[in-house]
$ cat structure29.txt   # compact mmCIF, N, CA and C atoms
# COMPACT_ATOMS: atom_id res chain seq x y z
N MET A 1 119.67 112.91 -107.00
CA MET A 1 119.35 113.72 -108.16
C MET A 1 118.19 113.08 -108.91
N VAL A 2 117.30 113.92 -109.39
CA VAL A 2 116.14 113.46 -110.15
C VAL A 2 116.56 113.26 -111.60
N PRO A 3 116.22 112.10 -112.20
CA PRO A 3 116.61 111.87 -113.60
C PRO A 3 115.87 112.81 -114.54
N PRO A 4 116.51 113.23 -115.62
CA PRO A 4 115.86 114.13 -116.58
C PRO A 4 114.81 113.38 -117.40
N GLY A 5 113.94 114.14 -118.03
CA GLY A 5 112.92 113.56 -118.89
C GLY A 5 111.63 113.30 -118.15
N GLY A 6 110.74 112.61 -118.81
CA GLY A 6 109.47 112.26 -118.20
C GLY A 6 108.52 113.43 -118.08
N ALA A 7 107.62 113.32 -117.11
CA ALA A 7 106.58 114.33 -116.92
C ALA A 7 107.18 115.70 -116.61
N ALA A 8 108.27 115.74 -115.83
CA ALA A 8 108.89 117.03 -115.48
C ALA A 8 109.37 117.76 -116.73
N ALA A 9 109.90 117.03 -117.70
CA ALA A 9 110.38 117.66 -118.93
C ALA A 9 109.20 118.25 -119.72
N ILE A 10 108.09 117.53 -119.76
CA ILE A 10 106.91 118.02 -120.47
C ILE A 10 106.35 119.26 -119.77
N TYR A 11 106.26 119.21 -118.43
CA TYR A 11 105.77 120.35 -117.67
C TYR A 11 106.70 121.56 -117.86
N GLY A 12 107.99 121.33 -117.85
CA GLY A 12 108.95 122.41 -118.04
C GLY A 12 108.81 123.06 -119.41
N PHE A 13 108.64 122.24 -120.42
CA PHE A 13 108.47 122.75 -121.78
C PHE A 13 107.18 123.55 -121.90
N LEU A 14 106.10 123.03 -121.32
CA LEU A 14 104.83 123.75 -121.34
C LEU A 14 104.93 125.07 -120.59
N PHE A 15 105.58 125.05 -119.44
CA PHE A 15 105.78 126.27 -118.66
C PHE A 15 106.57 127.30 -119.47
N GLN A 16 107.59 126.84 -120.16
CA GLN A 16 108.42 127.73 -120.99
C GLN A 16 107.58 128.37 -122.10
N ILE A 17 106.75 127.60 -122.76
CA ILE A 17 105.90 128.13 -123.82
C ILE A 17 104.91 129.16 -123.27
N LEU A 18 104.30 128.83 -122.14
CA LEU A 18 103.33 129.75 -121.55
C LEU A 18 103.98 131.04 -121.08
N ARG A 19 105.17 130.96 -120.49
CA ARG A 19 105.86 132.16 -120.03
C ARG A 19 106.29 133.03 -121.22
N THR A 20 106.72 132.42 -122.30
CA THR A 20 107.11 133.17 -123.49
C THR A 20 105.89 133.90 -124.06
N ALA A 21 104.76 133.21 -124.14
CA ALA A 21 103.53 133.84 -124.63
C ALA A 21 103.09 134.96 -123.69
N GLU A 22 103.24 134.74 -122.38
CA GLU A 22 102.88 135.78 -121.42
C GLU A 22 103.73 137.03 -121.61
N TRP A 23 105.04 136.86 -121.81
CA TRP A 23 105.92 138.01 -122.05
C TRP A 23 105.50 138.75 -123.32
N ALA A 24 105.22 138.01 -124.38
CA ALA A 24 104.83 138.65 -125.64
C ALA A 24 103.55 139.47 -125.47
N LEU A 25 102.56 138.91 -124.78
CA LEU A 25 101.32 139.64 -124.55
C LEU A 25 101.54 140.84 -123.64
N LYS A 26 102.32 140.66 -122.59
CA LYS A 26 102.57 141.74 -121.65
C LYS A 26 103.26 142.92 -122.35
N ILE A 27 104.27 142.63 -123.13
CA ILE A 27 104.99 143.70 -123.83
C ILE A 27 104.07 144.37 -124.85
N ASP A 28 103.30 143.56 -125.57
CA ASP A 28 102.40 144.11 -126.58
C ASP A 28 101.31 144.97 -125.97
N LEU A 29 100.76 144.56 -124.84
CA LEU A 29 99.65 145.28 -124.23
C LEU A 29 100.09 146.44 -123.33
N ASP A 30 101.22 146.28 -122.64
CA ASP A 30 101.65 147.27 -121.66
C ASP A 30 102.56 148.37 -122.20
N ALA A 31 103.37 148.04 -123.16
CA ALA A 31 104.36 149.01 -123.65
C ALA A 31 103.76 149.89 -124.75
N PRO A 32 104.14 151.16 -124.75
CA PRO A 32 103.75 151.99 -125.89
C PRO A 32 104.30 151.37 -127.18
N GLU A 33 103.62 151.60 -128.28
CA GLU A 33 103.98 150.94 -129.54
C GLU A 33 105.44 151.12 -129.90
N ARG A 34 105.97 152.33 -129.75
CA ARG A 34 107.37 152.56 -130.13
C ARG A 34 108.34 151.79 -129.23
N ASP A 35 107.98 151.61 -127.93
CA ASP A 35 108.83 150.84 -127.02
C ASP A 35 108.74 149.35 -127.31
N ALA A 36 107.54 148.87 -127.62
CA ALA A 36 107.35 147.45 -127.91
C ALA A 36 108.13 147.04 -129.16
N MET A 37 108.30 147.95 -130.08
CA MET A 37 109.04 147.64 -131.31
C MET A 37 110.53 147.46 -131.05
N ASN A 38 111.02 147.93 -129.90
CA ASN A 38 112.44 147.83 -129.57
C ASN A 38 112.74 146.67 -128.65
N VAL A 39 111.78 145.78 -128.42
CA VAL A 39 111.98 144.62 -127.56
C VAL A 39 112.01 143.37 -128.42
N THR A 40 113.00 142.52 -128.16
CA THR A 40 113.11 141.24 -128.87
C THR A 40 112.99 140.11 -127.87
N ILE A 41 112.13 139.16 -128.17
CA ILE A 41 111.97 137.97 -127.33
C ILE A 41 112.55 136.79 -128.10
N VAL A 42 113.54 136.15 -127.51
CA VAL A 42 114.15 134.98 -128.14
C VAL A 42 113.76 133.76 -127.30
N ALA A 43 112.89 132.93 -127.85
CA ALA A 43 112.50 131.70 -127.18
C ALA A 43 113.51 130.62 -127.55
N GLU A 44 113.93 129.87 -126.57
CA GLU A 44 114.91 128.80 -126.74
C GLU A 44 116.21 129.33 -127.35
N PRO A 45 116.83 130.32 -126.69
CA PRO A 45 118.11 130.84 -127.17
C PRO A 45 119.22 129.82 -126.92
N PRO A 46 120.45 130.11 -127.36
CA PRO A 46 121.55 129.16 -127.14
C PRO A 46 121.77 128.82 -125.67
N ALA A 47 121.39 129.72 -124.79
CA ALA A 47 121.51 129.46 -123.35
C ALA A 47 120.27 130.02 -122.66
N GLY A 48 119.83 129.38 -121.59
CA GLY A 48 118.61 129.79 -120.93
C GLY A 48 117.41 129.30 -121.73
N ASP A 49 116.21 129.68 -121.29
CA ASP A 49 115.00 129.27 -121.99
C ASP A 49 114.30 130.42 -122.70
N ILE A 50 114.52 131.63 -122.21
CA ILE A 50 113.96 132.81 -122.87
C ILE A 50 114.92 133.96 -122.63
N ASP A 51 115.14 134.75 -123.65
CA ASP A 51 116.05 135.90 -123.60
C ASP A 51 115.26 137.10 -124.11
N ILE A 52 114.98 138.04 -123.22
CA ILE A 52 114.20 139.22 -123.58
C ILE A 52 115.16 140.40 -123.63
N ARG A 53 115.26 141.00 -124.79
CA ARG A 53 116.22 142.08 -125.02
C ARG A 53 115.50 143.41 -125.09
N PHE A 54 115.66 144.18 -124.03
CA PHE A 54 115.11 145.53 -123.93
C PHE A 54 116.19 146.52 -124.35
N PRO A 55 115.83 147.74 -124.72
CA PRO A 55 116.85 148.73 -125.07
C PRO A 55 117.85 148.98 -123.93
N GLN A 56 117.39 148.88 -122.69
CA GLN A 56 118.25 149.19 -121.54
C GLN A 56 118.95 147.96 -120.95
N GLY A 57 118.74 146.78 -121.49
CA GLY A 57 119.40 145.58 -120.97
C GLY A 57 118.64 144.33 -121.38
N ARG A 58 119.02 143.22 -120.75
CA ARG A 58 118.42 141.93 -121.10
C ARG A 58 117.96 141.20 -119.85
N LEU A 59 116.98 140.34 -120.05
CA LEU A 59 116.49 139.46 -119.00
C LEU A 59 116.54 138.04 -119.54
N VAL A 60 117.29 137.18 -118.86
CA VAL A 60 117.42 135.79 -119.27
C VAL A 60 116.77 134.94 -118.19
N GLN A 61 115.83 134.09 -118.61
CA GLN A 61 115.14 133.24 -117.65
C GLN A 61 115.36 131.77 -117.99
N GLN A 62 115.49 130.97 -116.94
CA GLN A 62 115.64 129.52 -117.06
C GLN A 62 114.51 128.88 -116.29
N PHE A 63 113.83 127.91 -116.90
CA PHE A 63 112.71 127.21 -116.27
C PHE A 63 113.06 125.74 -116.10
N LYS A 64 112.82 125.21 -114.91
CA LYS A 64 113.04 123.79 -114.66
C LYS A 64 111.88 123.27 -113.82
N ALA A 65 111.24 122.23 -114.29
CA ALA A 65 110.15 121.61 -113.53
C ALA A 65 110.72 120.43 -112.75
N ARG A 66 110.22 120.26 -111.56
CA ARG A 66 110.63 119.13 -110.73
C ARG A 66 109.46 118.80 -109.83
N ASP A 67 108.79 117.69 -110.12
CA ASP A 67 107.59 117.32 -109.36
C ASP A 67 107.90 116.92 -107.93
N ASP A 68 108.92 116.13 -107.76
CA ASP A 68 109.28 115.72 -106.41
C ASP A 68 110.79 115.89 -106.27
N GLY A 69 111.21 116.14 -105.10
CA GLY A 69 112.64 116.35 -104.89
C GLY A 69 112.97 117.82 -104.74
N THR A 70 114.20 118.07 -104.48
CA THR A 70 114.65 119.43 -104.21
C THR A 70 115.82 119.77 -105.12
N TRP A 71 116.15 121.05 -105.14
CA TRP A 71 117.30 121.54 -105.88
C TRP A 71 118.43 121.78 -104.89
N SER A 72 119.53 121.09 -105.09
CA SER A 72 120.69 121.34 -104.25
C SER A 72 121.42 122.57 -104.79
N LEU A 73 122.15 123.21 -103.93
CA LEU A 73 122.95 124.36 -104.36
C LEU A 73 123.95 123.93 -105.42
N ALA A 74 124.52 122.74 -105.28
CA ALA A 74 125.49 122.24 -106.25
C ALA A 74 124.86 122.10 -107.64
N GLU A 75 123.61 121.64 -107.72
CA GLU A 75 122.93 121.52 -109.02
C GLU A 75 122.76 122.89 -109.67
N ILE A 76 122.38 123.87 -108.88
CA ILE A 76 122.19 125.22 -109.42
C ILE A 76 123.51 125.79 -109.91
N VAL A 77 124.55 125.67 -109.09
CA VAL A 77 125.86 126.21 -109.45
C VAL A 77 126.48 125.46 -110.62
N ASP A 78 126.39 124.13 -110.63
CA ASP A 78 127.04 123.31 -111.66
C ASP A 78 126.29 123.27 -112.98
N LYS A 79 124.96 123.29 -112.93
CA LYS A 79 124.19 123.05 -114.16
C LYS A 79 123.42 124.26 -114.68
N THR A 80 122.85 125.06 -113.79
CA THR A 80 122.00 126.15 -114.24
C THR A 80 122.78 127.43 -114.48
N MET A 81 123.62 127.82 -113.55
CA MET A 81 124.37 129.08 -113.71
C MET A 81 125.25 129.10 -114.94
N PRO A 82 126.00 128.03 -115.25
CA PRO A 82 126.81 128.09 -116.47
C PRO A 82 125.97 128.27 -117.73
N ASP A 83 124.80 127.64 -117.78
CA ASP A 83 123.93 127.79 -118.94
C ASP A 83 123.45 129.22 -119.07
N LEU A 84 123.08 129.84 -117.96
CA LEU A 84 122.63 131.23 -118.00
C LEU A 84 123.76 132.17 -118.37
N TYR A 85 124.94 131.92 -117.85
CA TYR A 85 126.07 132.81 -118.10
C TYR A 85 126.51 132.80 -119.56
N ARG A 86 126.33 131.68 -120.24
CA ARG A 86 126.74 131.57 -121.66
C ARG A 86 126.00 132.54 -122.56
N VAL A 87 124.86 133.05 -122.11
CA VAL A 87 124.06 133.94 -122.94
C VAL A 87 124.67 135.33 -123.04
N VAL A 88 125.61 135.67 -122.17
CA VAL A 88 126.20 137.01 -122.16
C VAL A 88 127.09 137.18 -123.38
N ALA A 89 126.78 138.19 -124.18
CA ALA A 89 127.56 138.45 -125.39
C ALA A 89 128.55 139.59 -125.19
N ASP A 90 128.26 140.49 -124.29
CA ASP A 90 129.09 141.67 -124.09
C ASP A 90 129.15 141.96 -122.60
N ASP A 91 130.36 142.02 -122.05
CA ASP A 91 130.49 142.22 -120.61
C ASP A 91 130.05 143.61 -120.16
N GLN A 92 129.79 144.52 -121.09
CA GLN A 92 129.29 145.85 -120.77
C GLN A 92 127.76 145.88 -120.70
N GLU A 93 127.16 144.82 -121.15
CA GLU A 93 125.71 144.76 -121.23
C GLU A 93 125.12 144.43 -119.85
N LYS A 94 124.02 145.08 -119.53
CA LYS A 94 123.32 144.81 -118.28
C LYS A 94 122.39 143.62 -118.49
N VAL A 95 122.68 142.51 -117.79
CA VAL A 95 121.89 141.30 -117.93
C VAL A 95 121.40 140.87 -116.55
N ARG A 96 120.11 140.57 -116.46
CA ARG A 96 119.54 140.04 -115.22
C ARG A 96 119.13 138.60 -115.48
N TYR A 97 119.45 137.71 -114.55
CA TYR A 97 119.15 136.29 -114.69
C TYR A 97 118.09 135.89 -113.68
N GLN A 98 117.18 135.01 -114.10
CA GLN A 98 116.16 134.50 -113.20
C GLN A 98 116.01 133.00 -113.42
N PHE A 99 115.86 132.28 -112.32
CA PHE A 99 115.66 130.83 -112.35
C PHE A 99 114.29 130.53 -111.74
N PHE A 100 113.43 129.83 -112.48
CA PHE A 100 112.10 129.47 -112.02
C PHE A 100 111.98 127.95 -111.97
N THR A 101 111.37 127.45 -110.91
CA THR A 101 111.19 126.01 -110.79
C THR A 101 109.92 125.70 -110.02
N SER A 102 109.38 124.53 -110.28
CA SER A 102 108.26 124.03 -109.49
C SER A 102 108.78 123.19 -108.33
N GLY A 103 110.08 122.95 -108.32
CA GLY A 103 110.70 122.16 -107.25
C GLY A 103 110.91 122.98 -105.99
N ARG A 104 111.44 122.33 -104.99
CA ARG A 104 111.69 122.97 -103.71
C ARG A 104 113.19 123.21 -103.54
N ILE A 105 113.49 124.18 -102.71
CA ILE A 105 114.88 124.47 -102.38
C ILE A 105 115.36 123.40 -101.38
N GLY A 106 116.59 122.97 -101.55
CA GLY A 106 117.17 121.98 -100.64
C GLY A 106 117.67 122.63 -99.36
N GLU A 107 118.63 122.00 -98.74
CA GLU A 107 119.21 122.51 -97.49
C GLU A 107 120.30 123.53 -97.85
N TRP A 108 119.91 124.79 -97.88
CA TRP A 108 120.82 125.85 -98.29
C TRP A 108 121.25 126.73 -97.13
N ALA A 109 120.87 126.39 -95.91
CA ALA A 109 121.19 127.22 -94.75
C ALA A 109 122.69 127.53 -94.66
N PRO A 110 123.58 126.55 -94.84
CA PRO A 110 125.02 126.87 -94.79
C PRO A 110 125.45 127.90 -95.84
N ALA A 111 124.85 127.82 -97.03
CA ALA A 111 125.18 128.79 -98.09
C ALA A 111 124.68 130.17 -97.72
N TYR A 112 123.48 130.25 -97.18
CA TYR A 112 122.94 131.55 -96.75
C TYR A 112 123.83 132.16 -95.67
N GLU A 113 124.29 131.33 -94.74
CA GLU A 113 125.17 131.83 -93.69
C GLU A 113 126.48 132.34 -94.28
N PHE A 114 127.00 131.63 -95.27
CA PHE A 114 128.25 132.03 -95.92
C PHE A 114 128.11 133.38 -96.61
N PHE A 115 127.03 133.55 -97.36
CA PHE A 115 126.82 134.79 -98.11
C PHE A 115 126.32 135.89 -97.21
$ encode --input "structure29.txt" --output "structure tokens"
Amino acid sequence: MVPPGGAAAIYGFLFQILRTAEWALKIDLDAPERDAMNVTIVAEPPAGDIDIRFPQGRLVQQFKARDDGTWSLAEIVDKTMPDLYRVVADDQEKVRYQFFTSGRIGEWAPAYEFF
């Protein structure tokens, strides 16, 4: 496992800021004014790194930078998924989750075969 902090933490934070700004510009430029007024972007929410609330549902994104090393399936299941799931406020709400990383995927072939 790669220790937290250091350059990866700085890169992750920068990536999070840039993606949040990108979403704000995209919504402002692409959506009709009345639709853009109904979208809320929450940067650094209680869970995940960005929570975009559209009238028809939500998009929660998690960003993790990793310069060297890989992501094991156990790390994703144990550390990332619980953080993303905590953002759900209503089980009737449509929520889509996305995980972004600069790292590489580990040996997941057995998991792919299982699913």
$ select_by_dssp --input "structure29.txt" --residues "chain A" --states "strand (DSSP E or B)" --output "ChimeraX atom specification"
/A:40-43,50-54,57-64,70-71,95-101,104-105
$ closest_residue --input "structure29.txt" --among "A:Trp71, A:Ala43, A:Val87, A:Met81" --to "Ile105 in chain A" --atoms "all atoms listed in the file"
A:Trp71
$ closest_residue --input "structure29.txt" --among "A:Trp23, A:Thr101, A:Gly6, A:Glu113" --to "Lys64 in chain A" --atoms "only N, CA and C atoms"
A:Thr101
$ closest_residue --input "structure29.txt" --among "A:Thr20, A:Gln56, A:Asn38, A:Ser102" --to "Thr70 in chain A" --atoms "only C-alpha atoms"
A:Ser102
$ atom_distance --input "structure29.txt" --atom1 "CA of Phe15 in chain A" --atom2 "CA of Glu75 in chain A"
20.2 Å
